[in-house]
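> Dropping in run29.tsv, which is TSV, C-alpha atoms:
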```
chain	number	residue	atom	x	y	z
H	931	MET	CA	-17.42	41.37	5.64
H	932	ALA	CA	-13.66	41.71	5.83
H	933	THR	CA	-12.00	43.40	8.77
H	934	TYR	CA	-9.08	45.68	8.02
H	935	ARG	CA	-6.28	46.82	10.28
H	936	ARG	CA	-4.25	48.99	7.93
H	937	ILE	CA	-7.04	50.67	5.95
H	938	ASN	CA	-10.53	52.11	6.27
H	939	VAL	CA	-12.85	51.68	3.29
H	940	ILE	CA	-15.87	53.84	2.47
H	941	ASP	CA	-18.26	53.15	-0.40
H	942	ASN	CA	-18.95	56.40	-2.20
H	943	GLY	CA	-21.44	55.70	-4.97
H	944	GLY	CA	-19.66	52.63	-6.28
H	945	VAL	CA	-16.14	53.94	-5.79
H	946	HIS	CA	-14.43	52.58	-2.71
H	947	VAL	CA	-12.36	55.25	-1.02
H	948	VAL	CA	-9.43	53.83	0.94
H	949	HIS	CA	-7.89	55.75	3.84
H	950	PHE	CA	-4.67	54.57	5.46
H	951	VAL	CA	-4.43	53.97	9.20
H	952	ASP	CA	-0.65	54.45	9.37
H	953	LYS	CA	1.10	57.79	9.11
H	954	LYS	CA	4.30	56.04	8.11
H	955	ILE	CA	4.16	53.05	5.77
H	956	VAL	CA	7.64	51.74	6.33
H	957	ASP	CA	7.66	48.65	8.54
H	958	SER	CA	7.86	45.47	6.47
H	959	GLY	CA	5.08	43.77	8.46
H	960	THR	CA	2.81	46.77	7.97
H	961	ILE	CA	3.57	46.88	4.26
H	962	GLU	CA	2.85	43.16	3.82
H	963	GLN	CA	-0.42	43.45	5.70
H	964	LEU	CA	-1.38	46.55	3.76
H	965	GLY	CA	-0.62	44.79	0.48
H	966	ASP	CA	-2.74	41.80	1.53
H	967	GLU	CA	-5.66	43.99	2.51
H	968	LEU	CA	-5.56	46.02	-0.71
H	969	THR	CA	-5.26	42.85	-2.79
H	970	GLY	CA	-8.14	41.30	-0.85
H	971	LEU	CA	-10.35	44.23	-1.77
H	972	VAL	CA	-9.91	43.47	-5.45
H	973	LEU	CA	-9.62	39.68	-5.52
H	974	ASN	CA	-11.91	38.64	-2.68
H	975	GLU	CA	-14.43	41.44	-2.37
H	976	LYS	CA	-14.47	42.34	-6.05
H	977	LYS	CA	-14.06	46.03	-5.27
H	978	ASN	CA	-12.09	47.22	-8.25
H	979	MET	CA	-13.00	50.91	-8.41
H	980	LEU	CA	-10.57	52.23	-5.85
H	981	LEU	CA	-9.53	55.72	-4.81
H	982	LEU	CA	-6.57	55.66	-2.42
H	983	ASN	CA	-6.65	58.76	-0.23
H	984	PHE	CA	-3.18	59.53	1.19
H	985	ASP	CA	-4.19	62.49	3.36
H	986	THR	CA	-2.93	60.80	6.54
H	987	VAL	CA	0.28	59.39	5.07
H	988	GLU	CA	3.44	61.30	5.95
H	989	PHE	CA	6.01	58.81	4.70
H	990	MET	CA	6.21	55.66	2.61
H	991	SER	CA	9.14	53.58	1.43
H	992	SER	CA	9.77	52.18	-2.03
H	993	ALA	CA	8.63	48.78	-0.73
H	994	ALA	CA	5.21	50.35	-0.24
H	995	LEU	CA	5.38	51.73	-3.80
H	996	ASN	CA	5.90	48.18	-5.01
H	997	LYS	CA	2.66	47.13	-3.32
H	998	LEU	CA	0.82	49.91	-5.11
H	999	ILE	CA	2.27	48.79	-8.44
H	1000	SER	CA	1.13	45.23	-7.71
H	1001	LEU	CA	-2.33	46.50	-6.77
H	1002	ASN	CA	-2.52	48.52	-9.98
H	1003	LYS	CA	-1.89	45.38	-12.04
H	1004	LYS	CA	-4.60	43.46	-10.20
H	1005	VAL	CA	-7.11	46.28	-10.65
H	1006	LYS	CA	-6.34	46.45	-14.36
H	1007	ASP	CA	-6.67	42.67	-14.68
H	1008	ALA	CA	-10.09	43.00	-13.07
H	1009	ALA	CA	-11.03	45.75	-15.57
H	1010	GLY	CA	-11.28	48.22	-12.70
H	1011	GLN	CA	-9.89	51.67	-12.04
H	1012	LEU	CA	-7.33	52.79	-9.46
H	1013	LYS	CA	-6.67	56.42	-8.61
H	1014	LEU	CA	-4.66	58.18	-5.94
H	1015	CYS	CA	-5.37	61.48	-4.25
H	1016	CYS	CA	-4.26	63.86	-1.48
H	1017	LEU	CA	-0.53	63.10	-1.70
H	1018	ARG	CA	1.75	65.34	0.34
H	1019	PRO	CA	4.16	67.30	-1.86
H	1020	GLU	CA	7.12	65.21	-0.66
H	1021	ILE	CA	5.42	61.94	-1.56
H	1022	GLY	CA	4.29	63.42	-4.86
H	1023	GLU	CA	7.94	64.25	-5.53
H	1024	VAL	CA	8.85	60.57	-5.03
H	1025	PHE	CA	6.25	59.58	-7.64
H	1026	LYS	CA	7.73	62.14	-10.04
H	1027	ILE	CA	11.36	61.06	-9.51
H	1028	THR	CA	10.46	57.42	-10.06
H	1029	ARG	CA	8.13	58.42	-12.91
H	1030	LEU	CA	5.36	56.47	-11.28
H	1031	ASP	CA	3.23	59.55	-11.82
H	1032	ARG	CA	2.94	58.14	-15.36
H	1033	VAL	CA	1.71	54.80	-14.06
H	1034	PHE	CA	-0.86	56.10	-11.58
H	1035	ASP	CA	-3.73	58.52	-12.06
H	1036	ILE	CA	-2.99	61.03	-9.28
H	1037	ARG	CA	-5.56	63.66	-8.34
H	1038	LYS	CA	-5.22	66.65	-6.05
H	1039	ASP	CA	-8.13	65.97	-3.71
H	1040	GLU	CA	-10.83	63.39	-3.04
H	1041	ALA	CA	-13.56	65.27	-4.91
H	1042	SER	CA	-11.53	65.49	-8.12
H	1043	GLY	CA	-10.49	61.87	-7.65
H	1044	LEU	CA	-14.07	60.72	-7.37
H	1045	SER	CA	-15.20	62.73	-10.38
H	1046	ALA	CA	-12.45	61.18	-12.51
H	1047	PHE	CA	-13.97	57.69	-12.34
H	1048	LYS	CA	-15.85	56.43	-15.35
H	1049	LEU	CA	-18.71	54.44	-13.86
L	656	MET	CA	39.47	73.76	8.13
L	657	ASN	CA	36.59	73.30	10.54
L	658	SER	CA	37.75	71.26	13.54
L	659	ARG	CA	34.54	71.66	15.53
L	660	PRO	CA	33.08	68.29	16.51
L	661	PRO	CA	29.72	67.40	14.94
L	662	MET	CA	26.55	68.06	16.89
L	663	TRP	CA	25.74	64.35	16.93
L	664	LYS	CA	27.46	61.21	15.76
L	665	CYS	CA	26.41	57.59	15.85
L	666	ASP	CA	28.76	54.78	14.84
L	667	LYS	CA	27.51	51.29	15.50
L	668	ILE	CA	27.10	47.75	14.30
L	669	ILE	CA	23.57	46.41	14.06
L	670	PRO	CA	22.28	42.90	13.34
L	671	SER	CA	20.68	42.08	9.98
L	672	GLU	CA	17.19	42.65	11.34
L	673	LEU	CA	14.76	45.27	10.09
L	674	ASP	CA	13.68	46.18	13.63
L	675	ALA	CA	17.28	47.04	14.51
L	676	GLY	CA	17.62	49.00	11.27
L	677	HIS	CA	14.50	51.02	11.96
L	678	ALA	CA	15.60	51.68	15.54
L	679	SER	CA	18.84	53.20	14.26
L	680	ILE	CA	16.92	55.27	11.69
L	681	GLU	CA	14.69	56.53	14.50
L	682	GLU	CA	17.79	57.68	16.39
L	683	LEU	CA	18.94	59.56	13.31
L	684	MET	CA	15.56	61.21	12.83
L	685	ASN	CA	15.50	62.30	16.48
L	686	ALA	CA	19.01	63.77	16.14
L	687	LEU	CA	17.98	65.68	13.02
L	688	GLU	CA	14.96	67.10	14.84
L	689	SER	CA	17.15	68.15	17.79
L	690	ALA	CA	19.50	69.88	15.36
L	691	GLY	CA	16.61	71.88	13.93
L	692	TRP	CA	16.17	70.01	10.65
L	693	GLU	CA	12.62	69.77	9.36
L	694	GLY	CA	10.34	69.58	6.36
L	695	ARG	CA	11.45	68.42	2.95
L	696	ASP	CA	15.08	67.86	3.91
L	697	VAL	CA	14.09	65.47	6.70
L	698	PHE	CA	11.75	63.59	4.37
L	699	HIS	CA	14.56	63.23	1.82
L	700	ILE	CA	16.99	61.90	4.42
L	701	GLN	CA	14.44	59.48	5.85
L	702	MET	CA	13.62	58.17	2.38
L	703	ALA	CA	17.28	57.69	1.45
L	704	ILE	CA	18.41	56.12	4.74
L	705	GLU	CA	15.39	53.81	4.77
L	706	GLU	CA	16.35	52.55	1.31
L	707	ALA	CA	20.03	52.18	2.23
L	708	VAL	CA	19.45	50.32	5.50
L	709	VAL	CA	16.72	48.03	4.16
L	710	ASN	CA	18.84	47.28	1.08
L	711	ALA	CA	21.82	46.43	3.31
L	712	ILE	CA	19.78	44.06	5.49
L	713	GLU	CA	17.61	42.45	2.83
L	714	HIS	CA	19.67	42.48	-0.37
L	715	GLY	CA	23.20	42.87	1.00
L	716	ASN	CA	23.22	40.55	4.01
L	717	LYS	CA	20.08	38.69	2.90
L	718	ARG	CA	18.93	38.80	6.54
L	719	ASP	CA	21.75	36.40	7.42
L	720	ALA	CA	21.95	36.41	11.23
L	721	SER	CA	25.71	35.89	11.09
L	722	LYS	CA	26.20	39.15	9.17
L	723	GLN	CA	25.96	42.70	10.43
L	724	VAL	CA	25.46	46.22	9.15
L	725	HIS	CA	27.76	49.10	10.06
L	726	VAL	CA	26.02	52.47	10.23
L	727	VAL	CA	27.70	55.82	10.73
L	728	PHE	CA	25.54	58.93	11.03
L	729	VAL	CA	26.91	62.44	11.49
L	730	VAL	CA	24.46	65.27	12.01
L	731	ASP	CA	25.33	68.94	11.99
L	732	ARG	CA	23.46	72.18	11.51
L	733	ASP	CA	24.20	72.48	7.83
L	734	SER	CA	24.75	68.94	6.65
L	735	ALA	CA	24.13	65.32	7.53
L	736	GLU	CA	26.25	62.37	6.43
L	737	MET	CA	25.29	58.73	6.51
L	738	THR	CA	27.33	55.64	5.67
L	739	VAL	CA	25.77	52.18	5.54
L	740	THR	CA	27.95	49.13	4.97
L	741	ASP	CA	26.85	45.51	4.81
L	742	GLN	CA	28.79	42.26	4.66
L	743	GLY	CA	27.25	41.05	1.43
L	744	GLU	CA	28.80	40.57	-1.99
L	745	GLY	CA	27.91	44.08	-3.14
L	746	PHE	CA	26.36	44.95	-6.48
L	747	ASP	CA	27.32	46.62	-9.75
L	748	HIS	CA	26.02	50.06	-8.83
L	749	GLN	CA	27.23	51.59	-12.09
L	750	ASN	CA	25.04	49.32	-14.18
L	751	VAL	CA	21.72	49.28	-12.35
L	752	ALA	CA	18.89	49.14	-14.86
L	753	ASP	CA	17.05	52.44	-15.05
L	754	PRO	CA	13.73	51.89	-13.22
L	755	THR	CA	12.21	54.90	-15.00
L	756	GLU	CA	12.41	53.26	-18.45
L	757	ASP	CA	8.91	52.67	-19.79
L	758	ASP	CA	9.26	48.89	-19.82
L	759	ARG	CA	10.67	48.80	-16.28
L	760	LEU	CA	8.25	51.13	-14.49
L	761	ASP	CA	6.32	48.22	-13.02
L	762	GLN	CA	9.43	46.31	-11.92
L	763	PRO	CA	10.38	46.37	-8.21
L	764	ARG	CA	14.17	46.77	-8.48
L	765	GLY	CA	16.39	49.82	-8.76
L	766	ARG	CA	14.04	52.40	-7.33
L	767	GLY	CA	15.87	52.66	-4.00
L	768	VAL	CA	19.21	53.45	-5.64
L	769	LEU	CA	17.52	56.06	-7.83
L	770	LEU	CA	15.88	57.72	-4.85
L	771	ILE	CA	19.16	57.86	-2.91
L	772	ARG	CA	20.91	59.54	-5.82
L	773	GLU	CA	18.10	61.99	-6.51
L	774	LEU	CA	17.23	62.98	-2.94
L	775	MET	CA	20.73	63.33	-1.49
L	776	SER	CA	23.16	66.16	-2.27
L	777	ASP	CA	25.91	63.55	-2.80
L	778	ALA	CA	25.90	59.77	-2.83
L	779	GLN	CA	28.75	57.38	-3.55
L	780	TYR	CA	29.12	53.62	-3.45
L	781	ASN	CA	32.41	51.88	-2.85
L	782	SER	CA	33.82	49.83	-5.70
L	783	LYS	CA	32.46	46.57	-4.30
L	784	GLY	CA	29.00	48.05	-3.92
L	785	ASN	CA	28.43	46.98	-0.32
L	786	SER	CA	28.82	50.44	1.19
L	787	VAL	CA	27.06	53.69	0.43
L	788	TRP	CA	28.02	57.12	1.69
L	789	MET	CA	25.57	59.94	1.31
L	790	ARG	CA	25.37	63.55	2.33
L	791	LYS	CA	22.52	66.00	2.54
L	792	VAL	CA	23.23	69.71	2.60
L	793	ARG	CA	20.55	71.59	4.43
L	794	SER	CA	18.34	73.78	2.27
L	795	LYS	CA	18.83	77.51	2.75
L	796	ASP	CA	15.20	78.14	3.59
L	797	GLU	CA	15.15	75.66	6.48
L	798	PRO	CA	15.16	77.30	9.95
L	799	GLU	CA	18.26	77.46	12.12
L	800	ALA	CA	18.80	75.09	15.02
L	801	SER	CA	17.15	76.25	18.22
L	802	PHE	CA	20.08	75.59	20.47
```
Have the structure of the file written as structure tokens, please.


Amino acid sequence: MATYRRINVIDNGGVHVVHFVDKKIVDSGTIEQLGDELTGLVLNEKKNMLLLNFDTVEFMSSAALNKLISLNKKVKDAAGQLKLCCLRPEIGEVFKITRLDRVFDIRKDEASGLSAFKL
Amino acid sequence: MNSRPPMWKCDKIIPSELDAGHASIEELMNALESAGWEGRDVFHIQMAIEEAVVNAIEHGNKRDASKQVHVVFVVDRDSAEMTVTDQGEGFDHQNVADPTEDDRLDQPRGRGVLLIRELMSDAQYNSKGNSVWMRKVRSKDEPEASF
């Protein structure tokens, strides 16, 4: 079983809920490692029903957004589903400005995120 | 004309290393906190300065150890100004492809420039495109400085 340093993963009835260890996702080393771990979930562990819970995340740079976009492509290629939840208003604003709210399925809380999956 | 000196000013040259860039950003964030800034305004400034400094180091100077980045931060109660200048070739800031176009949403480039323009009260690049000046005017509903 894989060991993660940047994320915690919980299996909730077939949907893997991902919590982030870092409050600020800004350091390039952290972002690379995070991207590798998220990619590994899909490509290596075949976990492609993912709910990313941002409740602990206070700040993230556009480099981190790029990792999420890359993850979204990999999940789609694997015929999976990727959803986001619990974004702080400021981070939600960044998704709106960049119009990435049209790319990602963003839900208010974890419960509504989980119920949005088609299993 | 207001001749009062700013509450805090930082003018320095840093190497083209992300650690040095983040250390200078941390200084700015601490100065903002000391000046009573908080909440959404601080998030906006952090987002914009992060994009500007990382762009200068990675895309401007291409992490070339022989090149440096000049940062100037001025923090006051009601506004904050930041200038970031690299020694790169600059870029055509007036013709950056719109990253919010449907066919470009999944592309990595252009999002930082968009965020700087949207989150700051003012943002201007020099003609060469290797220097950005930006200003954030503090929101009216943010609390006053405590000192």

> Provide as a ChimeraX atom specification the residues of chain L at most 10 Å from chain H, counting all atoms listed in the file.

/L:673-674,677,694-696,698-699,701-703,705-706,709,753-757,760-767,769-770,773-774

> Which residues are close to stretch 932-934 of chain H, i.e. within 9 Å by all atoms listed in the file, leaving aside same-chain residues fewer than 3 positions away? Reply as number ranges by chain.

H: 937-939, 964, 967, 970-971, 975

> Using all atoms listed in the file, can you list as an MDAnalysis selection string the residues within 8 Å of (20.3, 59.7, 8.8)?

chainID L and resid 680 683:684 687 700:701 704 728:730 735:737

> Give me the residues within 10 Å of H:Gly1022 as a list in words, counting all atoms listed in the file and dropping any in the same chain fewer than 6 places off.

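Surrounding residues, per the criterion: Cys1015, Cys1016, Leu1030, Asp1031 and Ile1036 of chain H.
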
> When you draw a straight line from atom CA of L:Lys722 to atom CA of L:Lys791, how long is it in Å?

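Distance between the two atoms: 27.9 Å.
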
> I want to know what sits within 10 Å of L:Lys667, based on only C-alpha atoms, with residues of the same chain fewer than 5 positions away left out; could you give that as a list in words?

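My reading of the contact set: Ser679, Val724, His725, Val726, Val727 and Phe728 of chain L.
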
> Step by step: start from the point (27.1, 39.3, -1.0) in the file's coordinates, keep every protein, DNA or RNA residue that has an atom no farther than 12 Å from it, count all atoms listed in the file, and write the set as a list of chain:residue names.

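Here the neighbourhood of the point contains L:Asn710, L:Ala711, L:Ile712, L:Glu713, L:His714, L:Gly715, L:Asn716, L:Lys717, L:Arg718, L:Asp719, L:Lys722, L:Gln723, L:Thr740, L:Asp741, L:Gln742, L:Gly743, L:Glu744, L:Gly745, L:Phe746, L:Asp747, L:Lys783, L:Gly784, L:Asn785, L:Ser786.
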
> Fewer than 5 positions away in the same chain doesn't count, so skip those; otherwise give me all residues within 12 Å of H:Val948, counting only C-alpha atoms, as a ChimeraX atom specification.

/H:934,936-942,964,967-968,971,977-987,1012-1016,1040,1043-1044

> Could you tell me which of L:Ala675, L:Val697, L:Asp758, L:Ser721 comes closest to L:Met775 if we count all atoms listed in the file?

L:Val697

> If I take atom CA of L:Ala752 and atom CA of L:Gln779, how far is one from the other in Å, to one decimal?

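Separating atom CA of L:Ala752 from atom CA of L:Gln779 is a distance of 17.1 Å.
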
> Please indicate the distance in Å from atom CA of H:Ile961 to atom CA of H:Ala994, rounded to one decimal place.

5.9 Å

> Return the single residue from H:Arg1037, H:Ser1045, H:Gly944, H:Lys954 that is closest to H:Gly1010, with distances computed using all atoms listed in the file.

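Looking at the shortest contact to H:Gly1010, the residue is H:Gly944.
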
> For L:Arg772, which residue among L:Ser671, L:His748, L:Gly676, L:Glu681 is the nearest when counting all atoms listed in the file?

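Residue with the minimum atom-to-atom distance to L:Arg772: L:His748.
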
> Any chance you could work out the axis-aligned box around stretch 1040-1043 of chain H, listed atoms only, 4 Å on each side, giving centre and edge lengths in Å to one decimal, as JSON?


```
{"center_x": -12.0, "center_y": 63.7, "center_z": -5.6, "size_x": 11.1, "size_y": 11.6, "size_z": 13.1}
```

> Because the input lacks atoms here, generate N, CA and C atoms for stretch 998-1029 of chain H and report them as a PDB file, keeping the file's coordinate frame.


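Wrote it out as rebuild-v5.pdb, contents follow:
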```
ATOM      1  N   LEU H 998       1.781  49.156  -4.303  1.00  0.00           N
ATOM      2  CA  LEU H 998       0.820  49.910  -5.110  1.00  0.00           C
ATOM      3  C   LEU H 998       0.888  49.495  -6.575  1.00  0.00           C
ATOM      4  N   ILE H 999       2.106  49.238  -7.045  1.00  0.00           N
ATOM      5  CA  ILE H 999       2.270  48.790  -8.440  1.00  0.00           C
ATOM      6  C   ILE H 999       1.587  47.434  -8.630  1.00  0.00           C
ATOM      7  N   SER H1000       1.765  46.550  -7.664  1.00  0.00           N
ATOM      8  CA  SER H1000       1.130  45.230  -7.710  1.00  0.00           C
ATOM      9  C   SER H1000      -0.390  45.380  -7.692  1.00  0.00           C
ATOM     10  N   LEU H1001      -0.884  46.271  -6.840  1.00  0.00           N
ATOM     11  CA  LEU H1001      -2.330  46.500  -6.770  1.00  0.00           C
ATOM     12  C   LEU H1001      -2.857  47.025  -8.107  1.00  0.00           C
ATOM     13  N   ASN H1002      -2.097  47.933  -8.710  1.00  0.00           N
ATOM     14  CA  ASN H1002      -2.520  48.520  -9.980  1.00  0.00           C
ATOM     15  C   ASN H1002      -2.705  47.438 -11.051  1.00  0.00           C
ATOM     16  N   LYS H1003      -1.781  46.482 -11.064  1.00  0.00           N
ATOM     17  CA  LYS H1003      -1.890  45.380 -12.040  1.00  0.00           C
ATOM     18  C   LYS H1003      -3.159  44.569 -11.795  1.00  0.00           C
ATOM     19  N   LYS H1004      -3.423  44.286 -10.535  1.00  0.00           N
ATOM     20  CA  LYS H1004      -4.600  43.460 -10.200  1.00  0.00           C
ATOM     21  C   LYS H1004      -5.896  44.191 -10.555  1.00  0.00           C
ATOM     22  N   VAL H1005      -5.918  45.500 -10.308  1.00  0.00           N
ATOM     23  CA  VAL H1005      -7.110  46.280 -10.650  1.00  0.00           C
ATOM     24  C   VAL H1005      -7.311  46.290 -12.171  1.00  0.00           C
ATOM     25  N   LYS H1006      -6.222  46.446 -12.901  1.00  0.00           N
ATOM     26  CA  LYS H1006      -6.340  46.450 -14.360  1.00  0.00           C
ATOM     27  C   LYS H1006      -6.807  45.090 -14.875  1.00  0.00           C
ATOM     28  N   ASP H1007      -6.249  44.023 -14.288  1.00  0.00           N
ATOM     29  CA  ASP H1007      -6.670  42.670 -14.680  1.00  0.00           C
ATOM     30  C   ASP H1007      -8.153  42.454 -14.433  1.00  0.00           C
ATOM     31  N   ALA H1008      -8.675  43.138 -13.411  1.00  0.00           N
ATOM     32  CA  ALA H1008     -10.090  43.000 -13.070  1.00  0.00           C
ATOM     33  C   ALA H1008     -10.944  44.030 -13.804  1.00  0.00           C
ATOM     34  N   ALA H1009     -10.332  44.719 -14.783  1.00  0.00           N
ATOM     35  CA  ALA H1009     -11.030  45.750 -15.570  1.00  0.00           C
ATOM     36  C   ALA H1009     -11.573  46.863 -14.679  1.00  0.00           C
ATOM     37  N   GLY H1010     -10.857  47.153 -13.598  1.00  0.00           N
ATOM     38  CA  GLY H1010     -11.280  48.220 -12.700  1.00  0.00           C
ATOM     39  C   GLY H1010     -10.485  49.492 -12.918  1.00  0.00           C
ATOM     40  N   GLN H1011     -10.624  50.406 -11.972  1.00  0.00           N
ATOM     41  CA  GLN H1011      -9.890  51.670 -12.040  1.00  0.00           C
ATOM     42  C   GLN H1011      -9.265  51.957 -10.670  1.00  0.00           C
ATOM     43  N   LEU H1012      -8.028  52.418 -10.692  1.00  0.00           N
ATOM     44  CA  LEU H1012      -7.330  52.790  -9.460  1.00  0.00           C
ATOM     45  C   LEU H1012      -6.829  54.222  -9.591  1.00  0.00           C
ATOM     46  N   LYS H1013      -7.158  55.042  -8.611  1.00  0.00           N
ATOM     47  CA  LYS H1013      -6.670  56.420  -8.610  1.00  0.00           C
ATOM     48  C   LYS H1013      -6.151  56.769  -7.217  1.00  0.00           C
ATOM     49  N   LEU H1014      -5.253  57.732  -7.194  1.00  0.00           N
ATOM     50  CA  LEU H1014      -4.660  58.180  -5.940  1.00  0.00           C
ATOM     51  C   LEU H1014      -4.994  59.656  -5.743  1.00  0.00           C
ATOM     52  N   CYS H1015      -5.139  60.062  -4.489  1.00  0.00           N
ATOM     53  CA  CYS H1015      -5.370  61.480  -4.250  1.00  0.00           C
ATOM     54  C   CYS H1015      -4.763  61.918  -2.916  1.00  0.00           C
ATOM     55  N   CYS H1016      -4.674  63.235  -2.751  1.00  0.00           N
ATOM     56  CA  CYS H1016      -4.260  63.860  -1.480  1.00  0.00           C
ATOM     57  C   CYS H1016      -2.837  63.480  -1.070  1.00  0.00           C
ATOM     58  N   LEU H1017      -1.924  63.383  -2.029  1.00  0.00           N
ATOM     59  CA  LEU H1017      -0.530  63.100  -1.700  1.00  0.00           C
ATOM     60  C   LEU H1017       0.160  64.362  -1.184  1.00  0.00           C
ATOM     61  N   ARG H1018       0.917  64.223  -0.107  1.00  0.00           N
ATOM     62  CA  ARG H1018       1.750  65.340   0.340  1.00  0.00           C
ATOM     63  C   ARG H1018       2.770  65.668  -0.737  1.00  0.00           C
ATOM     64  N   PRO H1019       3.208  66.925  -0.800  1.00  0.00           N
ATOM     65  CA  PRO H1019       4.160  67.300  -1.860  1.00  0.00           C
ATOM     66  C   PRO H1019       5.406  66.413  -1.888  1.00  0.00           C
ATOM     67  N   GLU H1020       5.906  66.038  -0.702  1.00  0.00           N
ATOM     68  CA  GLU H1020       7.120  65.210  -0.660  1.00  0.00           C
ATOM     69  C   GLU H1020       6.885  63.835  -1.276  1.00  0.00           C
ATOM     70  N   ILE H1021       5.727  63.258  -0.996  1.00  0.00           N
ATOM     71  CA  ILE H1021       5.420  61.940  -1.560  1.00  0.00           C
ATOM     72  C   ILE H1021       5.150  62.075  -3.056  1.00  0.00           C
ATOM     73  N   GLY H1022       4.492  63.160  -3.430  1.00  0.00           N
ATOM     74  CA  GLY H1022       4.290  63.420  -4.860  1.00  0.00           C
ATOM     75  C   GLY H1022       5.612  63.526  -5.595  1.00  0.00           C
ATOM     76  N   GLU H1023       6.606  64.115  -4.942  1.00  0.00           N
ATOM     77  CA  GLU H1023       7.940  64.250  -5.530  1.00  0.00           C
ATOM     78  C   GLU H1023       8.559  62.867  -5.790  1.00  0.00           C
ATOM     79  N   VAL H1024       8.336  61.940  -4.856  1.00  0.00           N
ATOM     80  CA  VAL H1024       8.850  60.570  -5.030  1.00  0.00           C
ATOM     81  C   VAL H1024       8.215  59.921  -6.270  1.00  0.00           C
ATOM     82  N   PHE H1025       6.922  60.121  -6.441  1.00  0.00           N
ATOM     83  CA  PHE H1025       6.250  59.580  -7.640  1.00  0.00           C
ATOM     84  C   PHE H1025       6.833  60.197  -8.912  1.00  0.00           C
ATOM     85  N   LYS H1026       7.175  61.473  -8.853  1.00  0.00           N
ATOM     86  CA  LYS H1026       7.730  62.140 -10.040  1.00  0.00           C
ATOM     87  C   LYS H1026       9.133  61.618 -10.344  1.00  0.00           C
ATOM     88  N   ILE H1027       9.981  61.522  -9.308  1.00  0.00           N
ATOM     89  CA  ILE H1027      11.360  61.060  -9.510  1.00  0.00           C
ATOM     90  C   ILE H1027      11.373  59.659 -10.110  1.00  0.00           C
ATOM     91  N   THR H1028      10.497  58.811  -9.590  1.00  0.00           N
ATOM     92  CA  THR H1028      10.460  57.420 -10.060  1.00  0.00           C
ATOM     93  C   THR H1028       9.618  57.275 -11.327  1.00  0.00           C
ATOM     94  N   ARG H1029       9.026  58.369 -11.742  1.00  0.00           N
ATOM     95  CA  ARG H1029       8.130  58.420 -12.910  1.00  0.00           C
ATOM     96  C   ARG H1029       6.893  57.544 -12.733  1.00  0.00           C
TER      97      ARG H1029
END
```
